[in-house]
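A.B. asks: For reference, the structure I am asking about is given below.
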Amino acid sequence: MSDSQQAFFTDAVSEKLFQSLVALAAEVNVLRDRVARLEGRSECPNPSVDADAFVQHVFGGLAKP
Amino acid sequence: MSNPDFARLTLDADTKSFQAYIGAFRKLWAGPLYRALREEAITLGHQDLSDYPAFEAELQKRPKHQFFGWLEHNLQKMKYEGRWGIVQAANAERVGLEALVATPVGGNRLTEDPGLKLPDYYEENDFHQHPGGLREDPLAAVIYRESASASGGVVGKADLHARYVKALLGDETVRNVIDIGCGFGRSTFAFAASGPETTAVGVDLSGSCVRLSAHLAEGRTERDRVRFVQADGVNVPFADGSFDLFTSTMLLHEMPAAAIRELIAEAFRVLEPGGISAHLDFLPPPDNFLRALYLGHSDRNAEPFMRELAEMDMVAEHEKAGFVDVRIEPFAEDDQGLGERWRLPWTIIRARKPKDAVQ
């Protein structure tokens with residue numbers, strides 16, 4: 001069975017903080033798309049393209065030296 | 001009627017947004033984050049292969065590696081779980097989908113074995129974090145297929161299996177193929193499509209997988225040349241010398257070493273003299289950084305037997321079973337080139353049963 005408690009960070013607080021941040025951003029991404037649909041900004045929103053830009057904007061710094 | 005969308009999940013808009021987020025994160029993980037980690041890794045000591053344990057220990061202290069590992073494990077988990085996960089999407093349509101996949105399959109394309117004794121390793125592991133594995137849920141294969149394509153999965157790549165067939169056979173054709181661990185049938189279909197008279201039998205431990213595959217065969221040009229059988233690949237219900245190609249795709253790394261040895265022996269048994277055994281799988285290259293990511297994937301993605309596969313001498317194992325001309329070659333899954341993004345190290349392991357082998 002997969003281990004749902006698997007840890008990757010050297011301290012538990014960082015682990016939980018990052019987990020919360022990723023989950024929060026997921027919620028924001030879903031809500032962004034929902035608002036776009038409600039406002040009718042696009043007849044056919046493209047979640048993939050929007051998500052790429054969003055994730056890069058929020059988390060791209062992870063890959064910076 | 002061509003029916004590639006048979007039993008497809010209907011993802012709602014929020015689920016699509018969430019899965020797109022996972023896919024976007026996987027791009028960041030496999031691209032920029034991987035490259036940044038690689039740049040850091042080449043500055044570490046212990047690059048010699050004999051110093052691998054020390055290299056791995058150094059790498060694991062690096063924050064970028066900790067982010068990399070966290071994302072690898074959790075993005076896969078998130079893809080399946082939670083209110084916008086694929087399992088929830090399947091549950092929302094469960095009654096209708098179960099009735100649909102349970103409908104009779106036409107022709108002689110499906111042989112199920114509900115009493116099949118599943119090997120312990122298969123019972124005990126939820127490979128690639130698929131909740132519950134592919135064992136019991138009648139919708140397991142439906143969920144697996146969706147997960148393979150919903151957010152950048154490898155097995156969802158449209159032409160992966162056709163490329164494997166081309167790399168393996170070139171312009172040659174085979175007559176009778178047995179495809180072990182066929183999943184939802186893509187590899188079996190690709191081999192059957194390789195020649196106008198080629199027949200292919202897909203074999204899988206998962207009843208859900210062989211059933212979905214048989215349904216998906218409906219309407220395909222090669223539908224009368226494919227069959228799907230629920231069985232253990234190490235003990236298939238076919239006579240000696242029945243096939244001229246024995247193959248698997250992404251199967252070996254999900255089997256313990258003892259089972260792989262049994263599989264190689266079974267390949268030798270069911271191949272005709274001169275027949276080919278070929279497996280598309282993953283083996284670590286001689287590079288400490290790539291080896292660390294390979295072995296890390298084993299730990300992070302519920303693939304415990306990748307370590308055993310990495311330790312096996314596949315040339316020796318095949319030769320011990322009687323095979324000759326054993327070759328281990330890298331495989332390119334697409335035209336984008338290797339090295340600029342993290343992919344598991346695709347490898348083809350091929351061997352030939354001697355033409356003068358005693359049947």
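Residue numbering restarts at 1 in every chain; chains get A, B, ... in the order shown in the structure tokens, and ligands count up from 1 in that same order.
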Please determine the contact residues of chain A with respect to chain B at a cut-off of 10 Å, counting only C-alpha atoms, and supply them as a PyMOL selection string.
C.D. replies: chain A and resi 1-4+6-10+15+18-19+22-23+25-34+37+45-56+59-65
A.B. asks: What lies within 8 Å of Leu134 (chain B) using only C-alpha atoms, ignoring chain neighbours under 5 positions off, as a list in words?
C.D. replies: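 Near Leu134 (chain B), the qualifying residues are Asp126, Ala140, Ala141, Tyr144, Ser206, Ser208 and Cys209 of chain B.
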A.B. asks: Got a sec: who's within 12 Å of region 92-94 of chain B, counting only C-alpha atoms, leaving out chain neighbours fewer than 6 positions off, as a list in words?
C.D. replies: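 Everything that qualifies: Ala7, Arg8, Leu9, Thr10, Leu11, Asp12, Thr15, Arg83, Trp84, Gly85, Ile86, Leu100, Val101, Ala102, Asp137, Pro138, Leu139, Ala140, Val142 and Ile143 of chain B.
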A.B. asks: Using only C-alpha atoms, which residues sit within 8 Å of Phe191 (chain B) once same-chain residues fewer than 2 positions away are excluded, as a PyMOL selection string?
C.D. replies: chain B and resi 162+165+177+187-189+193-195+198+200
A.B. asks: Just N, CA and C atoms for this one: save the residues we selected as a PDB file, in the first residue's frame.
C.D. replies:
ATOM      1  N   ALA B 162       2.921   2.450 -30.513  1.00  0.00           N
ATOM      2  CA  ALA B 162       3.264   2.312 -31.937  1.00  0.00           C
ATOM      3  C   ALA B 162       4.759   2.533 -32.140  1.00  0.00           C
ATOM      4  N   VAL B 165       6.527  -0.632 -31.075  1.00  0.00           N
ATOM      5  CA  VAL B 165       6.394  -1.670 -32.107  1.00  0.00           C
ATOM      6  C   VAL B 165       7.362  -1.393 -33.250  1.00  0.00           C
ATOM      7  N   VAL B 177       1.324 -12.758 -31.462  1.00  0.00           N
ATOM      8  CA  VAL B 177       1.936 -11.994 -30.375  1.00  0.00           C
ATOM      9  C   VAL B 177       1.191 -12.278 -29.074  1.00  0.00           C
ATOM     10  N   SER B 187      -1.081  -1.520 -25.984  1.00  0.00           N
ATOM     11  CA  SER B 187       0.061  -2.238 -26.566  1.00  0.00           C
ATOM     12  C   SER B 187      -0.420  -3.400 -27.436  1.00  0.00           C
ATOM     13  N   THR B 188      -1.440  -4.095 -26.989  1.00  0.00           N
ATOM     14  CA  THR B 188      -1.967  -5.222 -27.763  1.00  0.00           C
ATOM     15  C   THR B 188      -2.502  -4.739 -29.114  1.00  0.00           C
ATOM     16  N   PHE B 189      -3.248  -3.648 -29.086  1.00  0.00           N
ATOM     17  CA  PHE B 189      -3.778  -3.099 -30.332  1.00  0.00           C
ATOM     18  C   PHE B 189      -2.636  -2.673 -31.267  1.00  0.00           C
ATOM     19  N   ALA B 193      -1.993  -4.162 -34.948  1.00  0.00           N
ATOM     20  CA  ALA B 193      -2.043  -3.255 -36.101  1.00  0.00           C
ATOM     21  C   ALA B 193      -0.756  -3.270 -36.916  1.00  0.00           C
ATOM     22  N   SER B 194       0.247  -4.005 -36.449  1.00  0.00           N
ATOM     23  CA  SER B 194       1.544  -3.968 -37.136  1.00  0.00           C
ATOM     24  C   SER B 194       1.566  -4.788 -38.417  1.00  0.00           C
ATOM     25  N   GLY B 195       0.591  -5.634 -38.608  1.00  0.00           N
ATOM     26  CA  GLY B 195       0.538  -6.430 -39.839  1.00  0.00           C
ATOM     27  C   GLY B 195      -0.885  -6.860 -40.122  1.00  0.00           C
ATOM     28  N   THR B 198      -1.502 -10.151 -38.436  1.00  0.00           N
ATOM     29  CA  THR B 198      -0.959 -10.353 -37.090  1.00  0.00           C
ATOM     30  C   THR B 198      -2.097 -10.536 -36.077  1.00  0.00           C
ATOM     31  N   ALA B 200      -2.961 -10.904 -31.893  1.00  0.00           N
ATOM     32  CA  ALA B 200      -2.349 -10.537 -30.617  1.00  0.00           C
ATOM     33  C   ALA B 200      -3.274 -10.921 -29.465  1.00  0.00           C
TER      34      ALA B 200
END
A.B. asks: In Å to one decimal, how far is CA of Phe323 (chain B) from CA of Gly275 (chain B)?
C.D. replies: 9.7 Å
A.B. asks: Please provide as a list in words all residues within 12 Å of Asp120 (chain B), with the sequence filter that same-chain residues fewer than 6 positions apart are discarded (counting only C-alpha atoms).
C.D. replies: Asp126, Arg135, Leu205, Asp232, Met255, Pro256 and Ala259 of chain B
A.B. asks: So that I can see what lies close to region 327-334 of chain B, please list as an mmCIF file with N, CA and C atoms, in the first residue's frame the residues with an atom at most 8 Å from it, counting only C-alpha atoms and leaving out residues fewer than 3 positions away in the same chain.
C.D. replies:
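Output file out-v7.cif is given in full below:
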data_model
loop_
_atom_site.group_PDB
_atom_site.id
_atom_site.type_symbol
_atom_site.label_atom_id
_atom_site.label_comp_id
_atom_site.auth_asym_id
_atom_site.auth_seq_id
_atom_site.Cartn_x
_atom_site.Cartn_y
_atom_site.Cartn_z
ATOM 1 N N LEU B 160 2.979 6.110 -28.091
ATOM 2 C CA LEU B 160 4.060 5.410 -27.384
ATOM 3 C C LEU B 160 4.177 3.957 -27.836
ATOM 4 N N ARG B 163 5.325 3.466 -31.399
ATOM 5 C CA ARG B 163 6.778 3.698 -31.490
ATOM 6 C C ARG B 163 7.556 2.485 -31.003
ATOM 7 N N TYR B 164 7.067 1.878 -29.944
ATOM 8 C CA TYR B 164 7.727 0.673 -29.428
ATOM 9 C C TYR B 164 7.675 -0.437 -30.481
ATOM 10 N N ALA B 167 10.136 0.425 -33.169
ATOM 11 C CA ALA B 167 11.525 0.260 -32.713
ATOM 12 C C ALA B 167 11.898 -1.216 -32.635
ATOM 13 N N VAL B 315 20.742 -9.643 -19.093
ATOM 14 C CA VAL B 315 21.389 -10.457 -20.130
ATOM 15 C C VAL B 315 21.615 -11.872 -19.596
ATOM 16 N N GLY B 337 13.706 14.561 -27.582
ATOM 17 C CA GLY B 337 15.078 14.419 -27.112
ATOM 18 C C GLY B 337 15.135 14.157 -25.624
ATOM 19 N N LEU B 338 16.221 13.562 -25.219
ATOM 20 C CA LEU B 338 16.367 13.207 -23.816
ATOM 21 C C LEU B 338 17.194 14.255 -23.090
ATOM 22 N N PRO B 345 14.039 6.217 -17.435
ATOM 23 C CA PRO B 345 14.897 5.771 -18.539
ATOM 24 C C PRO B 345 14.341 4.547 -19.267
ATOM 25 N N TRP B 346 13.625 4.840 -20.327
ATOM 26 C CA TRP B 346 13.015 3.784 -21.140
ATOM 27 C C TRP B 346 14.089 2.857 -21.710
ATOM 28 N N THR B 347 13.796 1.579 -21.673
ATOM 29 C CA THR B 347 14.754 0.583 -22.158
ATOM 30 C C THR B 347 14.002 -0.577 -22.803
ATOM 31 N N ILE B 348 14.536 -1.058 -23.900
ATOM 32 C CA ILE B 348 13.994 -2.294 -24.505
ATOM 33 C C ILE B 348 14.970 -3.430 -24.202
ATOM 34 N N ILE B 349 14.427 -4.501 -23.648
ATOM 35 C CA ILE B 349 15.221 -5.698 -23.387
ATOM 36 C C ILE B 349 14.712 -6.767 -24.354
ATOM 37 N N ARG B 350 15.556 -7.166 -25.288
ATOM 38 C CA ARG B 350 15.085 -8.149 -26.278
ATOM 39 C C ARG B 350 16.026 -9.337 -26.340
ATOM 40 N N ALA B 351 15.446 -10.466 -26.700
ATOM 41 C CA ALA B 351 16.228 -11.704 -26.795
ATOM 42 C C ALA B 351 15.552 -12.644 -27.784
#
A.B. asks: Chain A: which residues are helix (DSSP H, G or I) by DSSP, as an NGL selection string?
C.D. replies: :A and (12-38 or 47-63)
